[in-house]
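Colleague: Contents of target05.txt (compact mmCIF, C-alpha atoms) are below:
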# COMPACT_ATOMS: atom_id res chain seq x y z
CA MET F 1 6.85 -29.60 -0.20
CA THR F 2 8.23 -31.86 2.52
CA ASP F 3 7.16 -32.07 6.09
CA VAL F 4 10.70 -31.57 7.34
CA THR F 5 10.89 -28.12 8.91
CA SER F 6 14.33 -26.64 9.30
CA TRP F 7 15.24 -23.32 10.85
CA TYR F 8 15.25 -21.77 7.39
CA THR F 9 11.77 -22.96 6.41
CA VAL F 10 9.78 -19.81 5.66
CA THR F 11 6.43 -20.25 7.38
CA PRO F 12 3.47 -17.90 6.79
CA GLY F 13 4.23 -16.41 10.21
CA TRP F 14 7.37 -14.89 8.70
CA TYR F 15 5.34 -13.19 6.03
CA MET F 16 2.83 -12.04 8.63
CA ALA F 17 5.65 -10.51 10.66
CA LEU F 18 7.08 -8.77 7.59
CA ALA F 19 3.62 -7.50 6.66
CA ALA F 20 3.22 -6.16 10.20
CA ILE F 21 6.57 -4.35 9.97
CA LEU F 22 5.63 -2.81 6.62
CA PHE F 23 2.25 -1.76 8.00
CA ILE F 24 3.92 -0.08 10.98
CA ILE F 25 6.33 1.77 8.69
CA GLY F 26 3.34 2.98 6.68
CA ALA F 27 1.47 4.05 9.81
CA SER F 28 4.52 5.92 11.10
CA GLY F 29 4.76 7.75 7.77
CA MET F 30 1.13 8.69 8.13
CA LEU F 31 1.74 10.04 11.64
CA LEU F 32 5.11 11.74 11.18
CA ARG F 33 5.00 13.34 7.76
CA ARG F 34 3.20 16.53 6.82
CA ASN F 35 3.41 16.27 3.05
CA ALA F 36 0.07 15.09 1.68
CA LEU F 37 1.76 13.12 -1.11
CA VAL F 38 4.02 11.19 1.25
CA MET F 39 1.09 10.50 3.56
CA PHE F 40 -0.73 9.12 0.56
CA MET F 41 2.20 6.87 -0.30
CA SER F 42 2.11 5.62 3.30
CA VAL F 43 -1.50 4.58 2.78
CA GLU F 44 -0.42 2.61 -0.29
CA LEU F 45 2.31 0.91 1.75
CA MET F 46 -0.21 -0.11 4.42
CA LEU F 47 -2.55 -1.51 1.75
CA ASN F 48 0.34 -3.52 0.32
CA ALA F 49 1.26 -4.90 3.73
CA VAL F 50 -2.29 -6.16 4.21
CA ASN F 51 -2.26 -7.63 0.68
CA LEU F 52 0.89 -9.56 1.53
CA SER F 53 -0.74 -11.02 4.63
CA PHE F 54 -3.79 -12.00 2.52
CA VAL F 55 -1.64 -13.88 0.02
CA ALA F 56 0.41 -15.61 2.73
CA ALA F 57 -2.71 -16.68 4.63
CA GLY F 58 -4.30 -17.86 1.38
CA ARG F 59 -1.38 -20.19 0.72
CA GLU F 60 -1.46 -21.54 4.26
CA LEU F 61 -5.21 -22.24 4.11
CA ASN F 62 -5.16 -23.43 0.48
CA LEU F 63 -7.77 -20.83 -0.46
CA ILE F 64 -7.63 -18.83 -3.67
CA GLU F 65 -9.90 -16.23 -2.04
CA GLY F 66 -6.86 -14.57 -0.51
CA GLN F 67 -5.65 -13.60 -3.95
CA VAL F 68 -9.14 -12.62 -5.11
CA SER F 69 -9.26 -10.22 -2.14
CA VAL F 70 -5.91 -8.80 -3.18
CA PHE F 71 -7.35 -8.18 -6.63
CA PHE F 72 -10.25 -6.21 -5.16
CA VAL F 73 -7.99 -4.25 -2.83
CA MET F 74 -5.84 -3.29 -5.81
CA VAL F 75 -8.88 -2.06 -7.74
CA VAL F 76 -10.04 0.06 -4.82
CA ALA F 77 -6.50 1.37 -4.24
CA ALA F 78 -6.19 2.40 -7.88
CA ALA F 79 -9.50 4.27 -7.76
CA GLU F 80 -8.47 5.86 -4.46
CA VAL F 81 -5.14 7.03 -5.88
CA VAL F 82 -6.83 8.70 -8.85
CA VAL F 83 -9.34 10.61 -6.71
CA GLY F 84 -6.88 11.42 -3.94
CA LEU F 85 -4.24 12.83 -6.27
CA ALA F 86 -6.91 14.89 -8.02
CA ILE F 87 -7.89 16.33 -4.64
CA ILE F 88 -4.25 17.08 -3.79
CA VAL F 89 -3.78 18.88 -7.12
CA ALA F 90 -7.05 20.79 -6.65
CA VAL F 91 -5.99 21.90 -3.15
CA PHE F 92 -2.57 22.85 -4.44
CA ARG F 93 -4.03 25.00 -7.21
CA ARG F 94 -6.09 26.92 -4.69
CA ARG F 95 -3.79 27.14 -1.66
CA ASN F 96 -0.37 26.65 -3.29
CA THR F 97 0.71 24.09 -0.70
CA ALA F 98 0.81 20.32 -0.26
CA SER F 99 1.35 20.44 3.48
CA VAL F 100 -1.59 19.28 5.57
CA ASP F 101 -0.63 21.59 8.44
CA GLU F 102 -1.46 24.67 6.41
CA LEU F 103 -4.96 23.43 5.62
CA VAL F 104 -6.32 24.43 8.99
CA ASP F 105 -9.71 25.73 7.96
CA LEU F 106 -12.41 24.23 5.82
CA LYS F 107 -13.24 27.46 4.03
CA GLY F 108 -11.72 27.64 0.60
CA MET L 1 16.30 -22.80 1.01
CA VAL L 2 15.64 -20.72 -2.09
CA GLU L 3 12.59 -19.18 -0.46
CA PHE L 4 14.61 -18.35 2.64
CA VAL L 5 17.28 -16.53 0.64
CA LEU L 6 14.63 -14.65 -1.34
CA PHE L 7 12.80 -13.75 1.86
CA VAL L 8 15.92 -12.33 3.51
CA ILE L 9 17.09 -10.34 0.48
CA PHE L 10 13.74 -8.87 -0.48
CA GLY L 11 12.59 -8.50 3.11
CA ILE L 12 15.56 -6.23 3.77
CA ALA L 13 14.85 -4.42 0.49
CA ALA L 14 11.19 -3.93 1.39
CA VAL L 15 11.92 -2.58 4.87
CA PHE L 16 14.70 -0.36 3.53
CA GLY L 17 12.37 1.01 0.85
CA GLY L 18 9.65 1.71 3.39
CA ILE L 19 12.03 3.50 5.76
CA THR L 20 13.42 5.51 2.83
CA MET L 21 9.88 6.52 1.94
CA VAL L 22 9.20 7.86 5.43
CA TRP L 23 12.66 9.31 5.98
CA ALA L 24 13.45 11.07 2.69
CA ARG L 25 12.82 14.80 2.56
CA ASN L 26 12.52 14.86 -1.20
CA PRO L 27 9.20 13.31 -2.32
CA VAL L 28 10.90 11.80 -5.38
CA TYR L 29 13.13 9.71 -3.11
CA SER L 30 10.03 8.72 -1.16
CA ALA L 31 8.42 7.52 -4.38
CA MET L 32 11.54 5.54 -5.31
CA GLY L 33 11.61 3.88 -1.89
CA LEU L 34 7.97 2.93 -2.20
CA MET L 35 8.65 1.50 -5.65
CA LEU L 36 11.40 -0.72 -4.23
CA THR L 37 8.98 -1.96 -1.59
CA LEU L 38 6.30 -2.67 -4.19
CA PHE L 39 8.69 -4.75 -6.30
CA SER L 40 9.80 -6.69 -3.22
CA VAL L 41 6.20 -7.42 -2.29
CA ALA L 42 5.66 -8.68 -5.85
CA VAL L 43 8.51 -11.15 -5.25
CA PHE L 44 6.79 -12.33 -2.06
CA TYR L 45 3.59 -12.85 -4.02
CA VAL L 46 5.47 -15.15 -6.38
CA SER L 47 6.95 -17.16 -3.51
CA ASN L 48 3.41 -17.51 -2.14
CA ALA L 49 2.11 -18.89 -5.48
CA GLY L 50 0.36 -15.64 -6.44
CA HIS L 51 1.64 -15.34 -10.00
CA PHE L 52 -1.23 -13.29 -11.36
CA VAL L 53 -1.35 -10.80 -8.49
CA ALA L 54 2.42 -10.41 -8.75
CA ALA L 55 2.07 -9.41 -12.40
CA VAL L 56 -0.76 -7.03 -11.54
CA GLN L 57 1.32 -5.59 -8.71
CA VAL L 58 4.20 -4.76 -11.04
CA ILE L 59 2.00 -3.40 -13.83
CA VAL L 60 -0.60 -1.49 -11.83
CA TYR L 61 1.28 -0.42 -8.70
CA ALA L 62 4.91 -0.11 -9.70
CA GLY L 63 3.93 0.99 -13.18
CA ALA L 64 0.76 3.03 -13.31
CA VAL L 65 0.27 4.23 -9.74
CA MET L 66 3.87 5.26 -9.17
CA THR L 67 3.99 7.03 -12.53
CA LEU L 68 0.93 8.96 -11.45
CA PHE L 69 2.59 9.82 -8.14
CA LEU L 70 5.77 11.03 -9.84
CA PHE L 71 3.70 13.04 -12.30
CA VAL L 72 1.87 14.82 -9.48
CA ILE L 73 5.17 15.39 -7.60
CA MET L 74 6.58 17.08 -10.70
CA LEU L 75 3.37 19.08 -11.11
CA ILE L 76 3.41 20.33 -7.52
CA GLY L 77 7.13 20.98 -7.43
CA VAL L 78 9.87 18.96 -5.81
CA ASP L 79 11.96 21.78 -4.40
CA ARG L 80 9.54 22.83 -1.69
CA ALA L 81 11.03 22.34 1.73
CA GLU L 82 8.74 20.49 4.08
CA ASP L 83 8.28 21.97 7.50
CA PHE L 84 9.22 19.21 9.93
CA SER L 85 8.38 21.17 13.07
CA GLU L 86 5.53 19.65 15.01
CA ASN L 87 2.70 21.85 16.23
CA LEU L 88 1.03 19.34 18.50
CA PRO L 89 2.93 18.73 21.75
CA LEU L 90 3.92 15.12 22.43
CA GLN L 91 2.48 13.97 19.09
CA ARG L 92 5.76 12.57 17.80
CA THR L 93 6.86 10.72 20.95
CA LEU L 94 3.34 9.51 21.66
CA SER L 95 2.79 8.22 18.14
CA LEU L 96 6.15 6.41 18.05
CA GLY L 97 5.52 4.88 21.46
CA LEU L 98 2.06 3.66 20.52
CA LEU L 99 3.39 2.34 17.21
CA ALA L 100 6.11 0.37 19.03
CA LEU L 101 3.46 -1.10 21.32
CA PHE L 102 1.20 -1.93 18.40
CA GLY L 103 4.12 -3.41 16.49
CA ALA L 104 5.11 -5.67 19.37
CA GLY L 105 1.53 -6.89 19.69
CA VAL L 106 1.10 -7.57 15.99
CA LEU L 107 4.48 -9.30 15.72
CA VAL L 108 3.70 -11.61 18.63
CA ALA L 109 0.21 -12.32 17.30
CA GLY L 110 1.41 -12.83 13.73
CA ARG L 111 3.89 -15.53 14.74
CA LEU L 112 1.15 -17.51 16.47
CA ASP L 113 -0.97 -20.05 14.75
CA TRP L 114 -4.32 -18.32 15.15
CA ALA L 115 -3.32 -15.52 12.84
CA THR L 116 -3.44 -17.86 9.84
CA GLY L 117 -5.13 -20.89 11.33
CA PRO L 118 -3.72 -24.37 11.12
CA HIS L 119 -2.47 -25.60 7.78
CA MET L 120 -5.40 -27.04 5.82
CA PRO L 121 -5.03 -30.30 4.00
CA GLY L 122 -5.96 -30.25 0.36
CA GLU L 123 -4.75 -29.04 -2.97
CA ALA L 124 -2.10 -26.36 -2.86
CA VAL L 125 -3.25 -22.97 -4.08
CA ASN L 126 -1.91 -21.86 -7.44
CA GLY L 127 -2.73 -18.29 -8.37
CA THR L 128 -2.89 -18.56 -12.14
CA VAL L 129 -5.13 -16.33 -14.22
CA GLU L 130 -7.41 -19.30 -14.75
CA ALA L 131 -7.82 -20.08 -11.05
CA ILE L 132 -8.48 -16.48 -10.05
CA GLY L 133 -10.79 -15.79 -12.99
CA ASP L 134 -12.75 -18.95 -12.19
CA GLN L 135 -13.47 -17.68 -8.68
CA LEU L 136 -13.90 -14.09 -9.78
CA PHE L 137 -16.56 -14.77 -12.39
CA ARG L 138 -18.47 -17.40 -10.42
CA ARG L 139 -18.49 -16.72 -6.73
CA TRP L 140 -17.44 -13.06 -6.71
CA LEU L 141 -19.27 -11.87 -9.80
CA LEU L 142 -21.40 -9.27 -8.03
CA PRO L 143 -18.47 -7.60 -6.19
CA PHE L 144 -16.60 -7.61 -9.47
CA GLU L 145 -19.43 -5.74 -11.16
CA VAL L 146 -19.58 -3.30 -8.26
CA THR L 147 -15.89 -2.47 -8.78
CA ALA L 148 -16.81 -1.43 -12.32
CA LEU L 149 -19.30 1.03 -10.81
CA LEU L 150 -16.62 2.23 -8.39
CA LEU L 151 -14.15 2.87 -11.21
CA ILE L 152 -16.74 4.85 -13.17
CA ILE L 153 -17.53 6.95 -10.10
CA ALA L 154 -13.81 7.55 -9.50
CA ALA L 155 -13.26 8.62 -13.11
CA ALA L 156 -16.30 10.92 -13.07
CA GLY L 157 -15.23 12.41 -9.74
CA THR L 158 -11.75 13.10 -11.04
CA ILE L 159 -13.12 14.85 -14.12
CA ALA L 160 -15.45 16.91 -11.92
CA LEU L 161 -12.53 17.87 -9.64
CA ALA L 162 -10.36 18.84 -12.59
CA GLN L 163 -13.03 21.05 -14.14
CA PHE L 164 -14.26 22.72 -10.97
CA ARG L 165 -13.31 26.39 -10.84
CA ARG L 166 -14.37 29.30 -8.75
CA PRO L 167 -15.78 32.19 -10.76
CA ASP L 168 -13.21 34.57 -9.29
CA GLU L 169 -10.21 32.33 -9.80
CA GLU L 170 -8.92 34.55 -12.57
CA GLU L 171 -8.30 37.40 -10.13
CA THR L 172 -6.53 35.39 -7.43
CA PRO L 173 -3.21 33.94 -8.55
Starting from the file, lay out its structure as structure tokens.
Modeller:
Amino acid sequence: MTDVTSWYTVTPGWYMALAAILFIIGASGMLLRRNALVMFMSVELMLNAVNLSFVAAGRELNLIEGQVSVFFVMVVAAAEVVVGLAIIVAVFRRRNTASVDELVDLKG
Amino acid sequence: MVEFVLFVIFGIAAVFGGITMVWARNPVYSAMGLMLTLFSVAVFYVSNAGHFVAAVQVIVYAGAVMTLFLFVIMLIGVDRAEDFSENLPLQRTLSLGLLALFGAGVLVAGRLDWATGPHMPGEAVNGTVEAIGDQLFRRWLLPFEVTALLLIIAAAGTIALAQFRRPDEEETP
């Protein structure tokens, strides 16, 4: 890597900006959609955006810990997906809907 | 130059996939959009020297997690129309306005130096299996063991959720 920085040199700030855009898209999906599955996918997108910023910052700071954090986030996300989808299926079996607007009361 | 071209192509692909995920009415299209984004993020991992996490991203996320999502979408039924009418007044405009504000703040902050800190001198990071495993099994051994506990709890919880039935479920369809 040379020290010459041209206009097309991709700095970590670029990746941070892209991660921010992806996070905002995920947050908007969380706020605008009513389908529990799509809201869940939005959560995954937000987790991925943060992972991208971890990896980019890890390269800038020469720390492998950024990628170790990504590993842990992936493990937690996988566990979360399994439990969350099981809850969605359980709710669907009982209420016959995947829309969060129709789940207005806590009583089964 | 290569990194710039990759960044532009897959950056557009990632944003397009994310917008498709939020925009599409059919959940299957949403899943496909998310899959495109996940692959693009895997490419960014490679350009940031994260070879192992890129492989894990493709196998675990784009492979296993998305398959699980598609499986549940098929189980629940894809032809259900989603009600897009909003019950809360002002929720949509307010949320989009606040998101735009938040986005502007994060974009400005992310371009500054303090988001990542100044570039450290030293050996460049190389995310091979060896480098990550070396850290994982020395410095982060206890968190790694705790994730094993977490996975067991998740698996047990899923089995409990799948087996739980009300006594009168046979009567109610």
Colleague: Which distance in Å separates atom CA of L:Leu75 and atom CA of L:Gln163, to one decimal?
Modeller: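 Straight-line distance from atom CA of L:Leu75 to atom CA of L:Gln163 works out to 16.8 Å.
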Colleague: Using all atoms listed in the file, select each residue of chain F with any atom at most 6 Å away from an atom of chain L, and give the selection as a list in words.
Modeller: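 That gives Tyr8, Val10, Gly13, Met16, Ala17, Gly29, Ala57, Arg59, Glu60, Leu61, Asn62, Ala79, Val83 and Ala86 of chain F for chain F.
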Colleague: If you keep C-alpha atoms, can you produce a file of those selected residues as a tab-separated table (two decimals), in the coordinates of the input?
Modeller:
chain	number	residue	atom	x	y	z
F	8	TYR	CA	15.25	-21.77	7.39
F	10	VAL	CA	9.78	-19.81	5.66
F	13	GLY	CA	4.23	-16.41	10.21
F	16	MET	CA	2.83	-12.04	8.63
F	17	ALA	CA	5.65	-10.51	10.66
F	29	GLY	CA	4.76	7.75	7.77
F	57	ALA	CA	-2.71	-16.68	4.63
F	59	ARG	CA	-1.38	-20.19	0.72
F	60	GLU	CA	-1.46	-21.54	4.26
F	61	LEU	CA	-5.21	-22.24	4.11
F	62	ASN	CA	-5.16	-23.43	0.48
F	79	ALA	CA	-9.50	4.27	-7.76
F	83	VAL	CA	-9.34	10.61	-6.71
F	86	ALA	CA	-6.91	14.89	-8.02
Colleague: Rounded to one decimal, what separation in Å do you get between atom CA of L:Glu145 and atom CA of F:Gly84?
Modeller: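 Atom CA of F:Gly84 lies at a distance of 22.5 Å from atom CA of L:Glu145.
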Colleague: Which value, in Å to one decimal, gives the distance between atom CA of F:Ala19 and atom CA of F:Ser53?
Modeller: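 Atom-to-atom, atom CA of F:Ala19 to atom CA of F:Ser53, that is 6.0 Å.
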Colleague: Considering only C-alpha atoms, state which residue in the set F:Leu45, F:Ile64, F:Val70, F:Leu85 is at the smallest distance from F:Leu22.
Modeller: F:Leu45
Colleague: How big is the axis-aligned box around the listed atoms of stretch 84-96 of chain F once 4 Å is added on each side, and where is its centre? Give both in Å to one decimal, as AutoDock Vina command-line options.
Modeller:
--center_x -4.1 --center_y 19.3 --center_z -4.8 --size_x 15.5 --size_y 23.7 --size_z 14.4
Colleague: With all atoms listed in the file as the basis for distance, which of F:Gly66, F:Met74, F:Ala56, F:Glu80 is at the shortest distance from F:Tyr15?
Modeller: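 Using all atoms listed in the file, F:Tyr15 sits closest to F:Ala56.
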